>>> print(open('upload.csv').read())   # CSV, C-alpha atoms
chain,number,residue,atom,x,y,z
N,1456,MET,CA,50.6,-20.9,8.3
N,1457,SER,CA,47.2,-19.6,7.8
N,1458,LYS,CA,46.2,-17.3,5.2
N,1459,THR,CA,42.8,-15.8,5.6
N,1460,THR,CA,41.1,-14.6,2.5
N,1461,GLU,CA,39.3,-11.5,3.3
N,1462,LYS,CA,36.0,-11.0,1.6
N,1463,THR,CA,34.5,-7.6,1.6
N,1464,TYR,CA,30.7,-7.6,1.9
N,1465,LYS,CA,28.7,-4.9,0.3
N,1466,ARG,CA,25.9,-3.8,2.5
N,1467,SER,CA,22.6,-4.3,0.8
N,1468,HIS,CA,20.0,-1.6,0.8
N,1469,GLU,CA,17.3,-4.2,0.7
N,1470,PRO,CA,16.5,-4.2,4.5
N,1471,VAL,CA,15.4,-0.5,4.3
N,1472,PHE,CA,13.0,-1.1,1.5
N,1473,TRP,CA,11.8,-4.4,2.9
N,1474,GLY,CA,11.1,-2.7,6.2
N,1475,LEU,CA,9.0,-0.1,4.5
N,1476,PHE,CA,7.3,-2.9,2.5
N,1477,GLY,CA,6.4,-4.8,5.7
N,1478,ALA,CA,5.2,-1.7,7.5
N,1479,GLY,CA,3.1,-0.6,4.4
N,1480,GLY,CA,1.8,-4.2,4.1
N,1481,MET,CA,0.6,-4.1,7.7
N,1482,LEU,CA,-1.1,-0.8,7.3
N,1483,THR,CA,-2.7,-1.9,4.0
N,1484,ALA,CA,-3.9,-5.1,5.6
N,1485,PHE,CA,-5.4,-3.5,8.7
N,1486,LEU,CA,-6.6,-0.1,7.5
N,1487,THR,CA,-7.0,0.1,3.7
N,1488,PRO,CA,-10.3,-1.8,3.5
N,1489,VAL,CA,-12.0,0.4,6.0
N,1490,MET,CA,-10.5,3.5,4.4
N,1491,ILE,CA,-11.8,2.5,1.0
N,1492,LEU,CA,-15.2,1.7,2.6
N,1493,ILE,CA,-15.4,5.2,4.2
N,1494,THR,CA,-14.0,7.5,1.5
N,1495,GLY,CA,-15.0,5.4,-1.6
N,1496,LEU,CA,-18.4,4.0,-0.7
N,1497,LEU,CA,-20.1,5.2,2.6
N,1498,ILE,CA,-19.4,8.9,2.1
N,1499,PRO,CA,-20.1,9.2,-1.7
N,1500,LEU,CA,-23.2,7.1,-1.3
N,1501,GLY,CA,-24.4,9.3,1.6
N,1502,ILE,CA,-24.7,6.3,4.0
N,1503,ILE,CA,-22.4,8.4,6.3
N,1504,ASP,CA,-23.5,12.0,5.9
N,1505,GLN,CA,-21.0,14.1,4.0
N,1506,HIS,CA,-20.8,16.7,6.9
N,1507,TYR,CA,-18.7,14.1,8.7
N,1508,PHE,CA,-16.1,14.4,6.0
N,1509,SER,CA,-16.5,18.2,5.4
N,1510,TYR,CA,-13.7,20.5,4.4
N,1511,GLU,CA,-13.6,22.2,7.8
N,1512,LYS,CA,-13.3,18.9,9.7
N,1513,ILE,CA,-10.7,17.3,7.5
N,1514,HIS,CA,-8.7,20.5,7.1
N,1515,GLY,CA,-8.9,21.1,10.8
N,1516,PHE,CA,-7.5,17.6,11.4
N,1517,ALA,CA,-4.8,17.7,8.8
N,1518,THR,CA,-3.5,21.0,10.2
N,1519,THR,CA,-2.8,19.7,13.6
N,1520,TRP,CA,0.7,18.2,14.1
N,1521,TYR,CA,-0.6,14.7,15.0
N,1522,GLY,CA,-3.2,14.9,12.2
N,1523,SER,CA,-0.7,15.7,9.5
N,1524,VAL,CA,1.5,12.8,10.7
N,1525,ILE,CA,-1.5,10.4,10.6
N,1526,VAL,CA,-2.5,11.6,7.1
N,1527,LEU,CA,1.0,11.3,5.8
N,1528,VAL,CA,1.4,7.7,7.1
N,1529,LEU,CA,-2.1,6.6,5.9
N,1530,VAL,CA,-1.6,8.1,2.4
N,1531,ALA,CA,2.1,7.6,1.7
N,1532,LEU,CA,3.1,4.4,3.5
N,1533,PRO,CA,1.1,2.0,1.3
N,1534,PHE,CA,3.1,3.1,-1.8
N,1535,TRP,CA,6.2,1.6,-0.3
N,1536,HIS,CA,4.4,-1.7,0.0
N,1537,THR,CA,2.7,-1.7,-3.4
N,1538,LEU,CA,5.6,-0.4,-5.5
N,1539,HIS,CA,7.9,-3.0,-4.0
N,1540,ARG,CA,5.4,-5.7,-5.1
N,1541,ILE,CA,4.9,-4.1,-8.5
N,1542,PHE,CA,8.7,-4.1,-9.0
N,1543,HIS,CA,8.9,-7.8,-8.2
N,1544,ALA,CA,5.8,-8.6,-10.2
N,1545,LEU,CA,7.5,-7.1,-13.3
N,1546,HIS,CA,10.0,-9.9,-13.1
N,1547,ASP,CA,7.2,-12.4,-12.7
N,1548,ILE,CA,5.5,-11.4,-15.9
N,1549,GLY,CA,8.8,-11.6,-17.7
N,1550,ILE,CA,9.8,-7.9,-18.0
N,1551,ASN,CA,13.4,-8.3,-17.2
N,1552,ARG,CA,15.0,-5.6,-19.2
N,1553,GLY,CA,16.6,-2.8,-17.1
N,1554,ARG,CA,16.0,-4.1,-13.7
N,1555,ASP,CA,18.1,-1.3,-12.1
N,1556,TRP,CA,16.0,1.3,-13.7
N,1557,GLN,CA,12.8,-0.5,-12.9
N,1558,GLN,CA,13.9,-0.3,-9.2
N,1559,VAL,CA,14.8,3.3,-9.4
N,1560,ILE,CA,11.4,4.1,-11.1
N,1561,CYS,CA,9.4,2.0,-8.6
N,1562,TYR,CA,10.9,3.3,-5.4
N,1563,GLY,CA,11.4,6.7,-6.9
N,1564,PHE,CA,7.6,6.9,-7.5
N,1565,ALA,CA,6.9,5.9,-3.9
N,1566,PHE,CA,9.4,8.5,-2.8
N,1567,ALA,CA,8.1,11.2,-5.1
N,1568,VAL,CA,4.5,10.8,-3.9
N,1569,SER,CA,5.6,10.7,-0.3
N,1570,VAL,CA,7.4,14.0,-0.7
N,1571,PHE,CA,4.4,15.5,-2.6
N,1572,VAL,CA,2.1,14.6,0.3
N,1573,PHE,CA,4.6,15.7,2.9
N,1574,THR,CA,5.1,19.1,1.3
N,1575,LEU,CA,1.4,19.7,1.0
N,1576,LEU,CA,0.8,18.8,4.6
N,1577,LEU,CA,3.7,21.0,5.8
N,1578,GLN,CA,2.4,23.9,3.7
N,1579,MET,CA,-1.0,23.6,5.3
N,1580,LEU,CA,0.5,23.2,8.7
N,1581,THR,CA,2.8,26.3,8.5
N,1582,ALA,CA,0.8,28.6,6.3
N,1583,PRO,CA,-2.9,27.7,6.5
N,1584,SER,CA,-4.0,31.0,5.0
N,1585,LEU,CA,-1.9,30.6,1.9
N,1586,PHE,CA,-4.5,28.6,-0.1
N,1587,GLY,CA,-7.5,29.0,2.1
N,1588,PHE,CA,-9.5,32.1,2.3
M,184,MET,CA,34.0,-13.5,-26.5
M,185,SER,CA,32.3,-16.5,-25.1
M,186,LYS,CA,31.0,-19.0,-27.6
M,187,ARG,CA,28.8,-20.8,-25.2
M,188,LYS,CA,25.2,-21.0,-25.8
M,189,PRO,CA,23.4,-21.2,-22.5
M,190,TYR,CA,20.1,-22.8,-22.4
M,191,ILE,CA,17.5,-20.3,-21.4
M,192,ARG,CA,14.3,-21.9,-20.2
M,193,GLU,CA,11.3,-20.4,-21.9
M,194,LEU,CA,8.7,-18.9,-19.7
M,195,PRO,CA,5.3,-18.4,-21.3
M,196,ARG,CA,3.6,-15.2,-20.5
M,197,ASP,CA,0.6,-17.0,-19.0
M,198,TRP,CA,2.5,-19.3,-16.7
M,199,TRP,CA,0.5,-18.0,-13.8
M,200,MET,CA,-2.9,-18.9,-15.3
M,201,LYS,CA,-2.3,-22.6,-15.5
M,202,GLN,CA,-2.3,-23.4,-11.8
M,203,LEU,CA,-4.7,-22.0,-9.2
M,204,PHE,CA,-1.9,-21.5,-6.7
M,205,TYR,CA,0.0,-19.2,-9.0
M,206,THR,CA,-3.1,-17.4,-10.2
M,207,LYS,CA,-3.9,-16.6,-6.6
M,208,TYR,CA,-0.4,-15.4,-6.1
M,209,MET,CA,-0.7,-13.1,-9.1
M,210,ILE,CA,-4.0,-11.7,-7.9
M,211,ARG,CA,-2.4,-10.9,-4.6
M,212,GLU,CA,0.5,-9.1,-6.4
M,213,GLY,CA,-2.0,-7.5,-8.8
M,214,SER,CA,-4.0,-6.1,-5.9
M,215,SER,CA,-1.0,-3.7,-5.4
M,216,VAL,CA,-1.9,-1.9,-8.7
M,217,LEU,CA,-5.4,-1.0,-7.5
M,218,ILE,CA,-4.2,-0.2,-4.0
M,219,THR,CA,-1.6,2.1,-5.6
M,220,LEU,CA,-4.5,3.7,-7.5
M,221,TYR,CA,-6.5,4.2,-4.3
M,222,SER,CA,-3.5,5.8,-2.5
M,223,LEU,CA,-3.1,8.1,-5.5
M,224,ILE,CA,-6.8,9.1,-5.2
M,225,LEU,CA,-6.1,9.9,-1.6
M,226,ALA,CA,-2.9,11.8,-2.4
M,227,TRP,CA,-5.0,13.8,-4.9
M,228,GLY,CA,-7.5,14.5,-2.1
M,229,VAL,CA,-4.7,16.0,0.1
M,230,PHE,CA,-3.7,18.2,-2.8
M,231,ARG,CA,-7.3,19.4,-3.3
M,232,LEU,CA,-7.6,19.9,0.4
M,233,SER,CA,-4.6,22.2,0.3
M,234,GLN,CA,-6.3,24.3,-2.4
M,235,GLY,CA,-9.3,25.2,-0.3
M,236,GLU,CA,-13.0,24.3,0.2
M,237,THR,CA,-14.2,24.5,-3.4
M,238,ALA,CA,-11.4,22.2,-4.6
M,239,PHE,CA,-12.0,19.7,-1.9
M,240,ASN,CA,-15.7,19.6,-2.5
M,241,GLY,CA,-15.0,19.0,-6.2
M,242,TRP,CA,-12.9,16.0,-5.2
M,243,LEU,CA,-15.7,14.6,-3.0
M,244,GLU,CA,-18.2,15.1,-5.8
M,245,ALA,CA,-16.0,13.3,-8.3
M,246,LEU,CA,-16.0,10.3,-5.9
M,247,GLN,CA,-19.8,10.1,-6.3
M,248,ASN,CA,-19.5,9.2,-10.0
M,249,PRO,CA,-20.9,5.7,-10.6
M,250,PHE,CA,-17.6,4.7,-12.2
M,251,ALA,CA,-15.8,5.8,-9.1
M,252,ILE,CA,-18.2,3.8,-6.9
M,253,ILE,CA,-17.6,0.6,-9.0
M,254,LEU,CA,-13.9,1.2,-9.0
M,255,HIS,CA,-13.9,1.6,-5.2
M,256,LEU,CA,-15.9,-1.6,-4.8
M,257,LEU,CA,-13.4,-3.4,-6.9
M,258,MET,CA,-10.5,-1.9,-4.9
M,259,LEU,CA,-12.2,-2.9,-1.6
M,260,ILE,CA,-12.5,-6.5,-2.8
M,261,LEU,CA,-8.8,-6.7,-3.7
M,262,ALA,CA,-7.8,-4.9,-0.5
M,263,LEU,CA,-9.7,-7.5,1.5
M,264,TYR,CA,-7.9,-10.2,-0.5
M,265,HIS,CA,-4.6,-8.6,0.4
M,266,THR,CA,-5.7,-8.6,4.1
M,267,ILE,CA,-6.6,-12.3,4.0
M,268,THR,CA,-3.3,-13.3,2.4
M,269,TRP,CA,-1.4,-11.1,4.8
M,270,PHE,CA,-3.0,-12.6,7.8
M,271,SER,CA,-2.6,-16.1,6.6
M,272,LEU,CA,1.2,-15.4,6.4
M,273,ALA,CA,1.3,-13.8,9.8
M,274,PRO,CA,2.2,-17.0,11.8
M,275,LYS,CA,5.4,-17.2,9.7
M,276,ALA,CA,6.4,-13.7,10.8
M,277,VAL,CA,5.2,-13.8,14.4
M,278,ASP,CA,6.6,-17.1,15.6
M,279,LEU,CA,5.8,-16.6,19.3
M,280,TRP,CA,7.0,-19.1,21.9
M,281,ILE,CA,5.4,-19.2,25.3
M,282,LYS,CA,6.9,-21.4,28.0
M,283,GLY,CA,8.8,-23.4,25.4
M,284,LYS,CA,5.8,-24.1,23.3
M,285,LYS,CA,5.1,-22.6,20.0
M,286,LEU,CA,2.0,-20.5,19.9
M,287,ASP,CA,-0.6,-22.2,17.6
M,288,ASP,CA,-0.9,-20.7,14.1
M,289,LYS,CA,-4.6,-20.5,14.4
M,290,VAL,CA,-4.4,-18.3,17.5
M,291,ILE,CA,-2.1,-15.8,15.7
M,292,VAL,CA,-4.3,-15.6,12.7
M,293,ALA,CA,-7.5,-15.2,14.8
M,294,ALA,CA,-5.8,-12.5,16.8
M,295,HIS,CA,-5.1,-10.6,13.6
M,296,TYR,CA,-8.7,-10.9,12.4
M,297,GLY,CA,-9.8,-9.7,15.9
M,298,ALA,CA,-7.6,-6.7,15.7
M,299,PHE,CA,-8.8,-6.0,12.2
M,300,ALA,CA,-12.4,-6.1,13.3
M,301,VAL,CA,-11.7,-3.8,16.2
M,302,LEU,CA,-9.8,-1.3,14.1
M,303,THR,CA,-12.5,-1.3,11.4
M,304,ILE,CA,-15.2,-0.5,13.9
M,305,PHE,CA,-13.0,2.0,15.7
M,306,CYS,CA,-12.4,3.9,12.4
M,307,LEU,CA,-16.1,3.9,11.5
M,308,LEU,CA,-16.9,5.3,15.0
M,309,ILE,CA,-14.2,7.9,14.9
M,310,ILE,CA,-15.3,9.3,11.5
M,311,THR,CA,-18.9,9.8,12.8
M,312,LEU,CA,-17.7,11.7,15.9
>>> encode(input="upload.csv", output="structure tokens")
Amino acid sequence: MSKTTEKTYKRSHEPVFWGLFGAGGMLTAFLTPVMILITGLLIPLGIIDQHYFSYEKIHGFATTWYGSVIVLVLVALPFWHTLHRIFHALHDIGINRGRDWQQVICYGFAFAVSVFVFTLLLQMLTAPSLFGF
Amino acid sequence: MSKRKPYIRELPRDWWMKQLFYTKYMIREGSSVLITLYSLILAWGVFRLSQGETAFNGWLEALQNPFAIILHLLMLILALYHTITWFSLAPKAVDLWIKGKKLDDKVIVAAHYGAFAVLTIFCLLIITL
């Protein structure tokens, strides 16, 4: 007589966040250095002339459907990588109180900024005359 | 109520400063903080972009501040450090087998650096179009 003990497994939500962490890490590794170089150093220092990063050009790009998707990915995806790391680093430096809440705050922050950027881009895409002139 | 007194190993706050391996690990983790800051600056830029030309130019001007330049330089160094650590871990993730032979780790790492160089040059070219 065999009696099988059935164990119910709770599905973890970790793969979703880990996937975003990995994708964000890839993007950060390949593109963040050149992005910092362009927006933080070459343009402000005038090594690349500022008209290459003018309002018309960037706004024009961000208000195409593909441009808005690219901007969203470039701006929002790294948060899912870095906040995942910050969440785990909090444990490493010995802040162990309220891990559940730490997780909610960390991923919540990444989510909030993503929604913020998404909303702005959608607004520019659908009603370009709302804030422009 | 349990009367047991479990032994909790003490962990000094500076455990990661006593050995280079751990220090490097924490620098890698710490790079996340500055990359978060950079992404926030970009997100703020999108916000200013949505507000019109004057607002966007104000954002561009703020980036010319010497403090902003130094900050971006620091962020660039840490971002590059992240890139190096990410690529050195790449063989663990890729694990390619060709004709029953495992692809050499060095090949995988070199391919990543090659792609990184191509992408960087591509981005610099595309921005000046």
>>> closest_residue(input="upload.csv", among="M:Leu279, M:Ala273, M:Leu259, M:Ile253", to="chain N", atoms="all atoms listed in the file")
M:Leu259
>>> residues_around(input="upload.csv", residues="range 1472-1482 of chain N", least_positions_apart="4", cutoff="12 Å", atoms="only C-alpha atoms", output="ChimeraX atom specification")
/N:1467-1468,1486-1490,1525,1528-1543,1558-1559,1561-1563,1565-1566 /M:211-212,214-215,218-219,222,262,265-270,272-273,276,295,298-299,302
>>> write_last_selection(input="upload.csv", atoms="C-alpha atoms", output="PDB file, in the frame of the given file")
ATOM      1  CA  SER N1467      22.600  -4.300   0.800  1.00  0.00           C
ATOM      2  CA  HIS N1468      20.000  -1.600   0.800  1.00  0.00           C
ATOM      3  CA  LEU N1486      -6.600  -0.100   7.500  1.00  0.00           C
ATOM      4  CA  THR N1487      -7.000   0.100   3.700  1.00  0.00           C
ATOM      5  CA  PRO N1488     -10.300  -1.800   3.500  1.00  0.00           C
ATOM      6  CA  VAL N1489     -12.000   0.400   6.000  1.00  0.00           C
ATOM      7  CA  MET N1490     -10.500   3.500   4.400  1.00  0.00           C
ATOM      8  CA  ILE N1525      -1.500  10.400  10.600  1.00  0.00           C
ATOM      9  CA  VAL N1528       1.400   7.700   7.100  1.00  0.00           C
ATOM     10  CA  LEU N1529      -2.100   6.600   5.900  1.00  0.00           C
ATOM     11  CA  VAL N1530      -1.600   8.100   2.400  1.00  0.00           C
ATOM     12  CA  ALA N1531       2.100   7.600   1.700  1.00  0.00           C
ATOM     13  CA  LEU N1532       3.100   4.400   3.500  1.00  0.00           C
ATOM     14  CA  PRO N1533       1.100   2.000   1.300  1.00  0.00           C
ATOM     15  CA  PHE N1534       3.100   3.100  -1.800  1.00  0.00           C
ATOM     16  CA  TRP N1535       6.200   1.600  -0.300  1.00  0.00           C
ATOM     17  CA  HIS N1536       4.400  -1.700   0.000  1.00  0.00           C
ATOM     18  CA  THR N1537       2.700  -1.700  -3.400  1.00  0.00           C
ATOM     19  CA  LEU N1538       5.600  -0.400  -5.500  1.00  0.00           C
ATOM     20  CA  HIS N1539       7.900  -3.000  -4.000  1.00  0.00           C
ATOM     21  CA  ARG N1540       5.400  -5.700  -5.100  1.00  0.00           C
ATOM     22  CA  ILE N1541       4.900  -4.100  -8.500  1.00  0.00           C
ATOM     23  CA  PHE N1542       8.700  -4.100  -9.000  1.00  0.00           C
ATOM     24  CA  HIS N1543       8.900  -7.800  -8.200  1.00  0.00           C
ATOM     25  CA  GLN N1558      13.900  -0.300  -9.200  1.00  0.00           C
ATOM     26  CA  VAL N1559      14.800   3.300  -9.400  1.00  0.00           C
ATOM     27  CA  CYS N1561       9.400   2.000  -8.600  1.00  0.00           C
ATOM     28  CA  TYR N1562      10.900   3.300  -5.400  1.00  0.00           C
ATOM     29  CA  GLY N1563      11.400   6.700  -6.900  1.00  0.00           C
ATOM     30  CA  ALA N1565       6.900   5.900  -3.900  1.00  0.00           C
ATOM     31  CA  PHE N1566       9.400   8.500  -2.800  1.00  0.00           C
TER      32      PHE N1566
ATOM     33  CA  ARG M 211      -2.400 -10.900  -4.600  1.00  0.00           C
ATOM     34  CA  GLU M 212       0.500  -9.100  -6.400  1.00  0.00           C
ATOM     35  CA  SER M 214      -4.000  -6.100  -5.900  1.00  0.00           C
ATOM     36  CA  SER M 215      -1.000  -3.700  -5.400  1.00  0.00           C
ATOM     37  CA  ILE M 218      -4.200  -0.200  -4.000  1.00  0.00           C
ATOM     38  CA  THR M 219      -1.600   2.100  -5.600  1.00  0.00           C
ATOM     39  CA  SER M 222      -3.500   5.800  -2.500  1.00  0.00           C
ATOM     40  CA  ALA M 262      -7.800  -4.900  -0.500  1.00  0.00           C
ATOM     41  CA  HIS M 265      -4.600  -8.600   0.400  1.00  0.00           C
ATOM     42  CA  THR M 266      -5.700  -8.600   4.100  1.00  0.00           C
ATOM     43  CA  ILE M 267      -6.600 -12.300   4.000  1.00  0.00           C
ATOM     44  CA  THR M 268      -3.300 -13.300   2.400  1.00  0.00           C
ATOM     45  CA  TRP M 269      -1.400 -11.100   4.800  1.00  0.00           C
ATOM     46  CA  PHE M 270      -3.000 -12.600   7.800  1.00  0.00           C
ATOM     47  CA  LEU M 272       1.200 -15.400   6.400  1.00  0.00           C
ATOM     48  CA  ALA M 273       1.300 -13.800   9.800  1.00  0.00           C
ATOM     49  CA  ALA M 276       6.400 -13.700  10.800  1.00  0.00           C
ATOM     50  CA  HIS M 295      -5.100 -10.600  13.600  1.00  0.00           C
ATOM     51  CA  ALA M 298      -7.600  -6.700  15.700  1.00  0.00           C
ATOM     52  CA  PHE M 299      -8.800  -6.000  12.200  1.00  0.00           C
ATOM     53  CA  LEU M 302      -9.800  -1.300  14.100  1.00  0.00           C
TER      54      LEU M 302
END
>>> atom_distance(input="upload.csv", atom1="CA of Phe1573 in chain N", atom2="CA of Val1526 in chain N")
9.2 Å
>>> atom_distance(input="upload.csv", atom1="CA of Trp1520 in chain N", atom2="CA of Ala1567 in chain N")
21.7 Å
>>> atom_distance(input="upload.csv", atom1="CA of Trp198 in chain M", atom2="CA of Gly1549 in chain N")
10.0 Å
>>> closest_residue(input="upload.csv", among="M:Val229, M:Leu246, M:Leu223, M:Leu307", to="Pro1499 in chain N", atoms="all atoms listed in the file")
M:Leu246
